[in-house]
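**Student:** For reference, the structure I am asking about is given below.
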Amino acid sequence: MAADGARRVALVANTSFYVGPDIARQLAARGHDLVVGDPADGLVDELTEMGSAVEVVTGVADLADPSSSVRLVQAALDRFGRLDAATAFSGRVITGSFLDASVGDVQALSQGCFEAPFNFLQAVLAPMVEQGSGQVLVLTSSSGQRVTPNAPIYSAMRAGATHLLKNVAAEVAPKGVSVNGLGTNFMDFPEFLRASGASDPKVREFLESRVPLRRLGTVEECAALCVAYLDGSCTFVTGQFVAHDGGWS
């Protein structure tokens, strides 16, 4: 419940894959009504059966398009009249050496890794600032925390997005709104496996040897960590970044 006794409303920008569906499930289990972007098959029925009112918005997966976040937020306000929590992940992985990179790579990574969270933050923060409360969590990447061989531009863009989150958090904190970041790496997830070559068992074994916990992380446990920054149980944390990468960063 929100402080005024109403059911909390959470926005999950993309619930088609990755951590999105599991974040939505865990928020539903904690008594939230939901705005979900591009839900996976069967997810809405599942959330409704858990007791959540669910507003669906389709065609919003590309957060580099400013209209995507605007549509999500407007759907929340039209249906529920409030927005208490919002989360999004974004990004495109392009690997390779710096000397082989192109301006096109820089532009693509900027759109996916920096412009997308910029658009999302601007859209969701406006009603929260007016409301005087809210929680925002944006997923970036723990690659932005350290030098990342074979991903110099990608990790630099992720670092920029994380620093943006910290700056934004400082700006809106006096309004009662918290903004935090969470970065992943070494995830047992198709996009990471594709980008890293870890679909090959030998490559996976090598990558796991670089992780202090000696395994890849799961989507389910990542979602559990995300929800701690969204469910209203602790709103006295802002401007922070936490890495979900098995101790790598």
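For the structure tokens, the naming scheme is as follows: chains receive sequential letters (A, B, ...) according to their order of presentation, residues are indexed from 1 within each chain, and ligands are indexed from 1 in presentation order.
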At a cut-off of 7 Å, can you tabulate as CSV every residue of stretch 13-127 of chain A near stretch 132-140 of chain A together with its closest atom pair and the distance in Å to one decimal, using only C-alpha atoms and ordering rows by chain then number?

**Tutor:**
```
residue,atom,partner,partner_atom,distance
A:Asp84,CA,A:Gly134,CA,4.6
A:Ala85,CA,A:Gln135,CA,4.6
A:Ala86,CA,A:Val136,CA,4.9
A:Thr87,CA,A:Leu137,CA,4.8
A:Ala88,CA,A:Val138,CA,5.2
A:Phe89,CA,A:Leu139,CA,4.8
```

**Student:** Residues of stretch 111-247 of chain A in alpha helix (DSSP H) according to DSSP, as a compact mmCIF listing (two decimals) with C-alpha atoms, in the first residue's frame?

**Tutor:**
```
# COMPACT_ATOMS: atom_id res chain seq x y z
CA ALA A 116 16.78 5.28 -23.76
CA PRO A 117 17.27 5.74 -19.99
CA PHE A 118 17.31 9.53 -20.49
CA ASN A 119 13.89 9.39 -22.14
CA PHE A 120 12.53 7.01 -19.52
CA LEU A 121 13.70 9.13 -16.60
CA GLN A 122 12.23 12.32 -18.00
CA ALA A 123 8.86 10.68 -18.55
CA VAL A 124 8.44 8.85 -15.23
CA LEU A 125 9.89 11.50 -12.96
CA ALA A 126 7.49 14.29 -13.91
CA PRO A 127 4.39 12.78 -12.23
CA MET A 128 6.42 11.47 -9.30
CA VAL A 129 7.87 14.90 -8.57
CA GLU A 130 4.39 16.37 -8.73
CA GLN A 131 3.10 13.60 -6.47
CA PRO A 152 35.15 -0.21 -24.63
CA ILE A 153 32.37 1.90 -26.11
CA TYR A 154 29.56 -0.20 -24.69
CA SER A 155 30.99 -0.01 -21.17
CA ALA A 156 31.65 3.72 -21.53
CA MET A 157 28.02 4.37 -22.50
CA ARG A 158 26.82 2.26 -19.59
CA ALA A 159 29.07 4.24 -17.24
CA GLY A 160 27.58 7.46 -18.59
CA ALA A 161 24.04 6.23 -17.96
CA THR A 162 24.91 5.21 -14.41
CA HIS A 163 26.41 8.62 -13.72
CA LEU A 164 23.32 10.27 -15.18
CA LEU A 165 21.17 8.32 -12.71
CA LYS A 166 23.23 9.57 -9.79
CA ASN A 167 22.95 13.17 -10.94
CA VAL A 168 19.21 12.87 -11.49
CA ALA A 169 18.79 11.25 -8.09
CA ALA A 170 20.41 14.26 -6.41
CA GLU A 171 18.13 16.63 -8.31
CA VAL A 172 14.84 14.96 -7.39
CA PRO A 190 20.33 -15.36 -24.31
CA GLU A 191 21.60 -11.85 -25.14
CA PHE A 192 24.63 -12.20 -22.89
CA LEU A 193 25.31 -15.72 -24.12
CA ARG A 194 25.15 -14.48 -27.72
CA ALA A 195 27.34 -11.43 -27.19
CA SER A 196 29.95 -13.30 -25.15
CA PRO A 201 30.30 -24.76 -23.21
CA LYS A 202 34.06 -24.14 -23.25
CA VAL A 203 33.58 -20.37 -23.50
CA ARG A 204 31.00 -20.49 -20.73
CA GLU A 205 33.39 -22.42 -18.50
CA PHE A 206 36.07 -19.79 -19.09
CA LEU A 207 33.68 -16.91 -18.36
CA GLU A 208 32.42 -18.54 -15.18
CA SER A 209 36.02 -18.87 -14.03
CA ARG A 210 36.26 -15.04 -14.16
CA VAL A 219 17.11 -13.71 -14.17
CA GLU A 220 14.95 -14.68 -11.19
CA GLU A 221 17.47 -13.64 -8.56
CA CYS A 222 18.17 -10.39 -10.41
CA ALA A 223 14.46 -9.57 -10.39
CA ALA A 224 14.35 -10.21 -6.64
CA LEU A 225 17.08 -7.64 -6.11
CA CYS A 226 15.35 -5.13 -8.40
CA VAL A 227 12.07 -5.33 -6.50
```

**Student:** Could you check the closest approach to A:Asp4 for each of A:Thr184, A:Val103, A:Leu230, A:Arg82 and tell me which residue wins, using only C-alpha atoms?

**Tutor:**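 Looking at the shortest contact to A:Asp4, the residue is A:Arg82.
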
**Student:** Report the distance between atom CA of A:Asn150 and atom CA of A:Glu115 in Å, rounded to one decimal place.

**Tutor:**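 Atom CA of A:Asn150 sits 22.2 Å away from atom CA of A:Glu115.
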